[in-house]
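Trainee: Structure: final_5.cif, mmCIF, C-alpha atoms.
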```
data_target
loop_
_atom_site.label_atom_id
_atom_site.label_comp_id
_atom_site.auth_asym_id
_atom_site.auth_seq_id
_atom_site.Cartn_x
_atom_site.Cartn_y
_atom_site.Cartn_z
CA MET A 1 -5.21 -11.56 -30.01
CA ILE A 2 -5.30 -8.27 -28.13
CA PRO A 3 -8.73 -6.58 -28.36
CA PRO A 4 -9.08 -2.91 -29.32
CA THR A 5 -11.16 -2.13 -26.23
CA ALA A 6 -11.69 -3.62 -22.77
CA LEU A 7 -13.49 -3.16 -19.46
CA ALA A 8 -12.10 -0.48 -17.13
CA ALA A 9 -13.14 1.37 -13.95
CA VAL A 10 -12.42 5.03 -14.59
CA ILE A 11 -12.30 8.21 -12.50
CA ALA A 12 -14.43 10.49 -14.67
CA GLU A 13 -15.26 13.11 -12.04
CA PHE A 14 -13.78 13.75 -8.60
CA GLY A 15 -16.07 12.74 -5.76
CA SER A 16 -18.21 10.45 -7.91
CA GLU A 17 -18.32 6.69 -8.30
CA LEU A 18 -15.94 5.16 -10.81
CA ALA A 19 -17.41 4.82 -14.28
CA LEU A 20 -17.44 1.27 -15.60
CA LYS A 21 -16.62 1.43 -19.30
CA ASN A 22 -16.71 -1.55 -21.64
CA ASP A 23 -15.10 0.37 -24.49
CA TRP A 24 -11.91 1.65 -22.87
CA PRO A 25 -9.15 1.74 -25.55
CA VAL A 26 -6.39 -0.87 -25.27
CA LYS A 27 -2.96 0.32 -26.40
CA GLN A 28 -1.85 -2.00 -29.19
CA PRO A 29 1.64 -3.57 -29.34
CA GLU A 30 2.75 -1.44 -32.27
CA ASP A 31 1.83 1.69 -30.32
CA LEU A 32 3.85 0.86 -27.21
CA ALA A 33 6.79 3.19 -26.64
CA PRO A 34 10.29 1.78 -25.98
CA GLY A 35 10.34 0.49 -22.40
CA GLU A 36 6.57 0.07 -22.17
CA CYS A 37 4.80 -3.26 -21.81
CA LEU A 38 1.17 -4.30 -22.01
CA VAL A 39 -0.03 -6.49 -19.14
CA LYS A 40 -3.19 -8.62 -19.12
CA ILE A 41 -4.41 -8.04 -15.58
CA ASP A 42 -5.64 -11.02 -13.56
CA TYR A 43 -6.18 -9.48 -10.12
CA ALA A 44 -6.07 -5.93 -8.76
CA GLY A 45 -6.13 -4.91 -5.11
CA VAL A 46 -8.14 -1.95 -3.81
CA CYS A 47 -6.19 0.50 -1.65
CA HIS A 48 -7.39 3.37 0.55
CA SER A 49 -5.28 5.64 -1.66
CA ASP A 50 -7.64 4.84 -4.54
CA LEU A 51 -10.42 6.36 -2.46
CA HIS A 52 -8.42 9.53 -1.72
CA ILE A 53 -7.60 9.92 -5.41
CA ARG A 54 -11.18 9.34 -6.54
CA ASN A 55 -12.41 11.93 -4.05
CA GLY A 56 -9.81 14.48 -5.14
CA GLN A 57 -8.42 14.66 -1.60
CA TRP A 58 -4.79 14.80 -2.70
CA SER A 59 -5.00 16.84 -5.87
CA ARG A 60 -7.59 17.87 -8.41
CA GLU A 61 -4.94 18.76 -10.95
CA ILE A 62 -4.48 15.28 -12.40
CA ALA A 63 -5.92 14.78 -15.86
CA LEU A 64 -9.25 12.98 -16.10
CA PRO A 65 -10.56 10.53 -17.11
CA LYS A 66 -8.08 8.18 -15.41
CA VAL A 67 -8.20 4.41 -14.92
CA GLY A 68 -7.95 3.82 -11.17
CA GLY A 69 -5.95 1.26 -9.21
CA HIS A 70 -2.25 0.68 -8.59
CA GLU A 71 -1.58 -2.84 -7.27
CA ALA A 72 -2.10 -5.76 -9.62
CA ILE A 73 -0.82 -9.05 -10.97
CA GLY A 74 -0.95 -10.11 -14.59
CA HIS A 75 1.01 -11.48 -17.53
CA ILE A 76 2.97 -9.52 -20.11
CA VAL A 77 1.37 -9.84 -23.55
CA ALA A 78 3.45 -7.27 -25.47
CA ILE A 79 6.64 -5.23 -25.14
CA GLY A 80 7.39 -2.03 -27.01
CA ALA A 81 9.89 -2.17 -29.84
CA ASN A 82 13.46 -1.03 -29.12
CA SER A 83 13.14 -1.76 -25.41
CA GLY A 84 16.69 -3.06 -25.21
CA THR A 85 17.25 -6.17 -23.08
CA PRO A 86 14.66 -5.94 -20.32
CA GLY A 87 14.65 -8.35 -17.40
CA VAL A 88 11.16 -9.57 -18.32
CA LYS A 89 9.63 -11.18 -21.41
CA ILE A 90 6.25 -11.87 -22.95
CA GLY A 91 4.40 -14.45 -20.85
CA ASP A 92 6.03 -13.50 -17.54
CA ARG A 93 3.83 -13.07 -14.49
CA VAL A 94 4.54 -9.62 -13.08
CA GLY A 95 3.26 -7.12 -10.57
CA LEU A 96 2.32 -3.48 -11.14
CA LYS A 97 2.84 -1.03 -8.30
CA TRP A 98 2.01 2.56 -7.29
CA LEU A 99 5.33 3.54 -8.82
CA ALA A 100 4.85 2.73 -12.49
CA ALA A 101 8.32 4.05 -13.28
CA VAL A 102 10.93 6.45 -11.93
CA CYS A 103 13.61 8.52 -13.65
CA MET A 104 16.55 6.55 -12.15
CA ASN A 105 18.72 9.65 -12.56
CA CYS A 106 17.78 12.10 -9.78
CA GLU A 107 19.59 12.17 -6.45
CA CYS A 108 16.84 10.26 -4.64
CA CYS A 109 16.73 7.48 -7.26
CA ARG A 110 20.52 7.13 -7.21
CA GLN A 111 20.38 6.69 -3.42
CA GLY A 112 17.67 4.03 -3.60
CA SER A 113 14.88 6.33 -2.41
CA GLU A 114 12.82 5.79 -5.54
CA SER A 115 9.56 6.78 -3.85
CA ALA A 116 10.97 10.32 -3.61
CA CYS A 117 11.82 10.49 -7.32
CA SER A 118 11.55 14.00 -8.72
CA SER A 119 9.55 12.88 -11.78
CA PRO A 120 7.78 9.56 -11.14
CA LYS A 121 5.00 7.93 -13.12
CA LEU A 122 2.25 6.78 -10.74
CA HIS A 123 -0.33 4.13 -11.64
CA GLY A 124 -3.88 5.31 -11.14
CA TYR A 125 -2.75 8.90 -10.58
CA THR A 126 -0.46 10.41 -13.20
CA VAL A 127 -0.79 7.46 -15.61
CA HIS A 128 -3.61 4.98 -16.10
CA GLY A 129 -3.91 2.29 -13.45
CA THR A 130 -4.86 -1.32 -12.92
CA PHE A 131 -8.66 -1.44 -12.67
CA THR A 132 -8.80 -2.71 -16.24
CA GLU A 133 -8.30 -5.84 -18.30
CA TYR A 134 -5.18 -4.48 -20.03
CA ALA A 135 -2.76 -2.02 -18.42
CA VAL A 136 0.36 -0.32 -19.74
CA SER A 137 3.43 -0.44 -17.50
CA TYR A 138 7.21 -0.36 -17.83
CA VAL A 139 9.63 -3.25 -18.33
CA ASP A 140 12.23 -1.86 -15.93
CA TYR A 141 9.75 -1.43 -13.10
CA VAL A 142 7.26 -4.30 -13.17
CA THR A 143 8.11 -6.85 -10.48
CA PRO A 144 8.57 -10.55 -11.36
CA ILE A 145 6.31 -12.68 -9.16
CA PRO A 146 8.00 -15.69 -7.52
CA GLU A 147 6.61 -19.20 -7.51
CA GLY A 148 4.77 -20.30 -4.40
CA ILE A 149 2.21 -17.52 -4.16
CA GLU A 150 -1.14 -17.21 -5.88
CA SER A 151 -1.79 -14.10 -7.96
CA ALA A 152 -4.73 -12.93 -5.84
CA ALA A 153 -2.64 -13.19 -2.67
CA ALA A 154 0.32 -11.45 -4.27
CA ALA A 155 -1.56 -8.38 -5.55
CA PRO A 156 -1.84 -6.58 -2.18
CA ILE A 157 1.86 -7.17 -1.48
CA LEU A 158 2.69 -4.83 -4.40
CA CYS A 159 1.37 -1.82 -2.46
CA ALA A 160 0.20 -2.59 1.06
CA GLY A 161 2.90 -5.19 1.64
CA VAL A 162 5.92 -3.34 0.34
CA THR A 163 4.76 -0.09 1.94
CA ILE A 164 4.44 -1.47 5.47
CA TYR A 165 7.55 -3.63 5.05
CA LYS A 166 9.60 -0.55 4.18
CA ALA A 167 8.06 1.41 7.06
CA LEU A 168 9.08 -1.28 9.54
CA LEU A 169 12.62 -1.30 8.16
CA GLN A 170 12.72 2.44 8.88
CA THR A 171 12.36 1.69 12.60
CA LYS A 172 15.72 -0.15 12.51
CA PRO A 173 14.10 -3.22 14.05
CA LYS A 174 15.82 -5.13 16.83
CA ALA A 175 14.61 -8.55 17.93
CA GLY A 176 12.55 -8.35 21.10
CA ASN A 177 11.60 -4.68 20.71
CA TRP A 178 7.99 -3.56 20.87
CA VAL A 179 6.29 -1.89 17.92
CA ALA A 180 2.82 -0.37 17.94
CA ILE A 181 0.94 -0.52 14.64
CA SER A 182 -1.99 1.87 14.35
CA GLY A 183 -4.55 0.73 11.77
CA ALA A 184 -3.37 -2.84 12.40
CA GLY A 185 -6.54 -4.50 11.12
CA GLY A 186 -6.49 -2.78 7.74
CA GLY A 187 -4.81 -3.60 4.45
CA LEU A 188 -1.35 -2.32 5.40
CA GLY A 189 -1.64 -2.97 9.11
CA HIS A 190 -2.50 -6.67 9.12
CA LEU A 191 0.45 -7.34 6.84
CA GLY A 192 2.60 -5.20 9.13
CA VAL A 193 1.69 -7.39 12.11
CA GLN A 194 3.23 -10.32 10.23
CA TYR A 195 6.25 -8.58 8.69
CA ALA A 196 7.12 -7.23 12.14
CA GLN A 197 7.32 -10.76 13.49
CA THR A 198 9.69 -11.85 10.73
CA MET A 199 11.98 -9.09 12.07
CA GLY A 200 11.69 -10.39 15.63
CA LEU A 201 9.46 -7.56 16.85
CA ARG A 202 6.66 -7.82 19.41
CA VAL A 203 3.45 -6.23 18.18
CA ILE A 204 0.85 -4.04 19.86
CA ALA A 205 -2.06 -3.75 17.42
CA ILE A 206 -4.22 -0.61 17.56
CA ASP A 207 -7.59 -0.60 15.77
CA THR A 208 -11.26 -1.04 16.58
CA GLY A 209 -13.91 -3.74 16.37
CA ASP A 210 -14.11 -7.45 17.14
CA ALA A 211 -13.26 -8.56 13.59
CA LYS A 212 -10.05 -6.55 13.48
CA ARG A 213 -9.11 -7.55 17.03
CA ASP A 214 -9.56 -11.24 16.21
CA LEU A 215 -7.60 -10.90 12.96
CA CYS A 216 -4.65 -9.13 14.61
CA LEU A 217 -4.41 -11.60 17.48
CA GLU A 218 -4.73 -14.55 15.12
CA LEU A 219 -1.86 -13.17 13.06
CA GLY A 220 0.40 -12.94 16.10
CA ALA A 221 -0.06 -9.55 17.74
CA GLU A 222 0.58 -9.93 21.47
CA LYS A 223 -1.63 -7.02 22.54
CA PHE A 224 -4.66 -5.25 21.07
CA VAL A 225 -5.86 -1.76 22.00
CA ASP A 226 -9.29 -0.72 20.76
CA PHE A 227 -9.05 3.02 20.21
CA ALA A 228 -12.84 3.42 20.15
CA THR A 229 -13.55 1.75 23.50
CA SER A 230 -10.37 2.67 25.36
CA THR A 231 -10.70 5.56 27.81
CA ASN A 232 -6.96 6.30 27.51
CA VAL A 233 -5.26 4.96 24.39
CA VAL A 234 -1.87 6.43 25.30
CA GLN A 235 -1.76 4.79 28.73
CA ASP A 236 -3.09 1.47 27.43
CA VAL A 237 -0.31 1.29 24.84
CA ILE A 238 2.32 2.21 27.41
CA ASP A 239 1.01 -0.49 29.77
CA ALA A 240 0.97 -3.06 26.96
CA ALA A 241 4.72 -2.55 26.46
CA GLU A 242 5.75 -3.39 30.02
CA GLY A 243 4.86 0.06 31.30
CA LEU A 244 7.52 1.82 29.25
CA GLY A 245 5.84 2.22 25.88
CA PRO A 246 6.92 0.68 22.58
CA HIS A 247 10.31 1.28 20.97
CA ALA A 248 8.63 2.22 17.69
CA ALA A 249 5.26 3.10 16.23
CA VAL A 250 4.15 2.67 12.63
CA ILE A 251 1.03 4.65 11.77
CA ALA A 252 -0.86 2.98 8.93
CA ALA A 253 -4.01 4.98 9.63
CA GLY A 254 -4.71 8.09 7.61
CA GLN A 255 -5.64 10.45 10.44
CA ALA A 256 -3.66 12.91 12.56
CA GLU A 257 -4.81 11.75 16.01
CA PRO A 258 -2.89 8.42 16.04
CA LEU A 259 0.31 10.34 15.22
CA ASN A 260 -0.16 12.73 18.09
CA GLN A 261 -0.91 9.83 20.44
CA ALA A 262 2.23 7.98 19.34
CA LEU A 263 4.45 10.88 20.36
CA LEU A 264 3.03 10.51 23.86
CA TYR A 265 3.21 6.72 24.25
CA LEU A 266 6.60 6.05 22.65
CA ARG A 267 9.39 5.30 25.09
CA LYS A 268 12.46 7.53 25.16
CA THR A 269 14.60 7.35 21.99
CA GLY A 270 11.62 5.79 20.20
CA THR A 271 10.93 6.04 16.47
CA LEU A 272 7.69 7.14 14.86
CA VAL A 273 7.12 6.19 11.21
CA THR A 274 4.26 7.81 9.32
CA VAL A 275 3.03 5.75 6.38
CA GLY A 276 -0.77 6.04 6.17
CA MET A 277 -1.66 8.75 3.67
CA ALA A 278 -4.30 11.20 4.86
CA SER A 279 -6.32 13.82 3.05
CA SER A 280 -4.46 16.97 2.07
CA THR A 281 -6.14 18.89 4.91
CA ALA A 282 -4.83 16.71 7.78
CA THR A 283 -2.55 18.58 10.19
CA LEU A 284 -0.51 17.59 13.22
CA SER A 285 0.00 19.06 16.67
CA LEU A 286 3.70 18.69 17.40
CA PRO A 287 4.81 18.83 21.07
CA HIS A 288 8.18 20.38 20.34
CA ASN A 289 9.69 20.10 23.81
CA LEU A 290 8.50 16.51 24.20
CA MET A 291 10.21 15.51 20.95
CA ILE A 292 13.46 16.88 22.32
CA SER A 293 13.18 15.64 25.90
CA LYS A 294 12.32 12.09 24.78
CA SER A 295 14.91 12.13 21.95
CA LEU A 296 12.30 10.88 19.49
CA THR A 297 12.86 10.22 15.79
CA TRP A 298 10.08 10.92 13.31
CA ILE A 299 10.26 9.49 9.80
CA GLY A 300 7.92 9.80 6.84
CA SER A 301 7.90 6.66 4.69
CA ALA A 302 6.26 6.13 1.31
CA VAL A 303 6.26 2.94 -0.77
CA GLY A 304 9.45 0.92 -1.03
CA ASN A 305 11.85 0.58 -3.93
CA ARG A 306 12.19 -2.33 -6.35
CA GLN A 307 14.36 -4.35 -3.96
CA ASP A 308 11.90 -3.82 -1.10
CA ALA A 309 9.14 -5.22 -3.33
CA ILE A 310 11.20 -8.31 -4.14
CA GLU A 311 11.96 -8.92 -0.45
CA ALA A 312 8.34 -8.40 0.63
CA LEU A 313 7.12 -10.85 -2.03
CA ALA A 314 9.77 -13.42 -1.12
CA LEU A 315 8.57 -13.54 2.49
CA ALA A 316 4.98 -13.98 1.34
CA ALA A 317 5.97 -16.72 -1.12
CA ARG A 318 7.72 -18.58 1.73
CA GLY A 319 4.53 -18.48 3.77
CA LYS A 320 5.86 -16.08 6.40
CA VAL A 321 3.23 -13.47 5.53
CA ARG A 322 -0.28 -14.00 4.21
CA CYS A 323 -2.76 -11.42 3.11
CA ASN A 324 -6.27 -11.69 4.52
CA TYR A 325 -8.30 -10.90 1.43
CA GLU A 326 -11.66 -11.37 -0.20
CA ILE A 327 -12.13 -11.66 -3.96
CA ARG A 328 -14.78 -9.55 -5.67
CA LYS A 329 -15.51 -8.70 -9.30
CA LEU A 330 -14.25 -5.53 -10.97
CA GLU A 331 -17.87 -4.51 -11.38
CA ASP A 332 -18.12 -4.36 -7.56
CA VAL A 333 -15.42 -1.70 -7.21
CA ASN A 334 -17.78 1.10 -6.15
CA ARG A 335 -19.39 -1.04 -3.46
CA VAL A 336 -15.92 -1.96 -2.19
CA MET A 337 -14.95 1.69 -1.97
CA ALA A 338 -18.12 2.49 -0.04
CA GLU A 339 -17.32 -0.26 2.47
CA MET A 340 -13.74 0.98 2.74
CA GLU A 341 -14.89 4.53 3.35
CA SER A 342 -17.10 3.34 6.22
CA GLY A 343 -14.29 1.28 7.77
CA LYS A 344 -16.01 -2.08 7.30
CA ILE A 345 -13.16 -3.94 5.60
CA ALA A 346 -10.73 -6.08 7.61
CA GLY A 347 -7.72 -6.91 5.47
CA ARG A 348 -7.88 -6.35 1.73
CA ILE A 349 -10.31 -6.64 -1.17
CA VAL A 350 -8.90 -8.04 -4.43
CA LEU A 351 -10.79 -7.64 -7.68
CA LYS A 352 -10.83 -10.49 -10.20
CA ILE A 353 -10.46 -8.87 -13.60
#
```
When written as structure tokens, how does the structure in this file appear?
Mentor:
Amino acid sequence: MIPPTALAAVIAEFGSELALKNDWPVKQPEDLAPGECLVKIDYAGVCHSDLHIRNGQWSREIALPKVGGHEAIGHIVAIGANSGTPGVKIGDRVGLKWLAAVCMNCECCRQGSESACSSPKLHGYTVHGTFTEYAVSYVDYVTPIPEGIESAAAAPILCAGVTIYKALLQTKPKAGNWVAISGAGGGLGHLGVQYAQTMGLRVIAIDTGDAKRDLCLELGAEKFVDFATSTNVVQDVIDAAEGLGPHAAVIAAGQAEPLNQALLYLRKTGTLVTVGMASSTATLSLPHNLMISKSLTWIGSAVGNRQDAIEALALAARGKVRCNYEIRKLEDVNRVMAEMESGKIAGRIVLKI
């Protein structure tokens, strides 16, 4: 039986802690629109984007209150009437992502660039998210979860995993090439260290602190540059890649400085991929002549499409990629966000719902 209300962590006011509500309304099966499904959430990951959204750093125009969160695993318990012949059914284990649904009709969607959809629905931002016991999603966009991976381990793949996987694909990876990953010890970055190796890339991890250094090296990074203790990050990265600099850089950190540094340490014809979302006030200093003289390519990459999610999960299910995570309770979400804001988390925190 589906209860009328449930526990949820809700953004009630920008810049304040999430409100834990035991009486959040649960949409009943008869109220689901065609194409909607109700998912009983088992685990939900906490992403740095959740912090930006809570703090109103991207936009203060979204309607509040809003259930936070956008990466989760659960089981479908109801599907809206007249939903046609969806690829999922009641009882299926599925994943919910940042992209709750896209229009499928705009130019970007038709070309497979669903993250650039002109009218997307976004979990935890434009529609209610996953920090709750029951979440509404969409039958055409939830992702079936393969056998061979536990739900808690799979949750971060639905955002952090697919996002960094897609970013690495944007570098047009070639076996033996060097890639620098800035923010390598974080949620996206530590997964990127592993996905890069499945593509045959050699990894230079950039982050700070002993815990993140040890994690990155354990996961297979060949070099580690501590940006806080280094006296010259640019030169250290160049030296780490045989004195020529890496062929590509993927910036999973949400600050401008690592981007500016990457333009300096990339080797000629290198590719810079920006994937870590910053606050709306972050700006870049672009060395125009250097971009031209080094023939650099700069790409902005958001989350991947449905196929990217399937591929990222398949690698994790085969044991090629594992998420370093810690399980907490939903009631701990505000403490988790405080730790994230202070940079104390290595890997990912997953909330048991």
Trainee: Show me, as a list in words, the residues that have an atom within 10 Å of Ile251 of chain A when counting all atoms listed in the file, minus same-chain residues fewer than 2 positions from it.
Mentor: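 The neighbour list is Ile164, Ala167, Ala180, Ile181, Ser182, Gly183, Ala184, Leu188, Gly189, Ile206, Ala248, Ala249, Ala253, Gly254, Gln255, Ala256, Pro258, Leu259, Ala262, Leu272, Val273, Thr274, Val275, Gly276, Met277 and Gly300 of chain A.
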Trainee: Just how far from atom CA of Trp58 of chain A is atom CA of Gly35 of chain A, in Å to one decimal?
Mentor: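 Value for the atom CA of Gly35 of chain A-atom CA of Trp58 of chain A distance: 28.7 Å.
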Trainee: Apply the PyMOL selection byres ((chain A and resi 293) around 12) to the structure shown and report the selected residues as a ChimeraX atom specification.
Mentor: /A:263-264,267-270,287-292,294-297
Trainee: Please determine the residues with any atom at most 10 Å from (0.5, 3.9, -12.5) (coordinates as given in the file, with all atoms listed in the file counting) and report them as a PyMOL selection string.
Mentor: chain A and resi 67-71+96-101+120-130+135-138
Trainee: Evaluate the PyMOL selection byres ((chain A and resi 225) around 8) and record the selected residues as a list of chain:residue names, following the chain and residue labels used in the document.
Mentor: A:Ile204, A:Ala205, A:Ile206, A:Asp207, A:Thr208, A:Lys223, A:Phe224, A:Asp226, A:Phe227, A:Ser230, A:Val233, A:Asp236, A:Val237
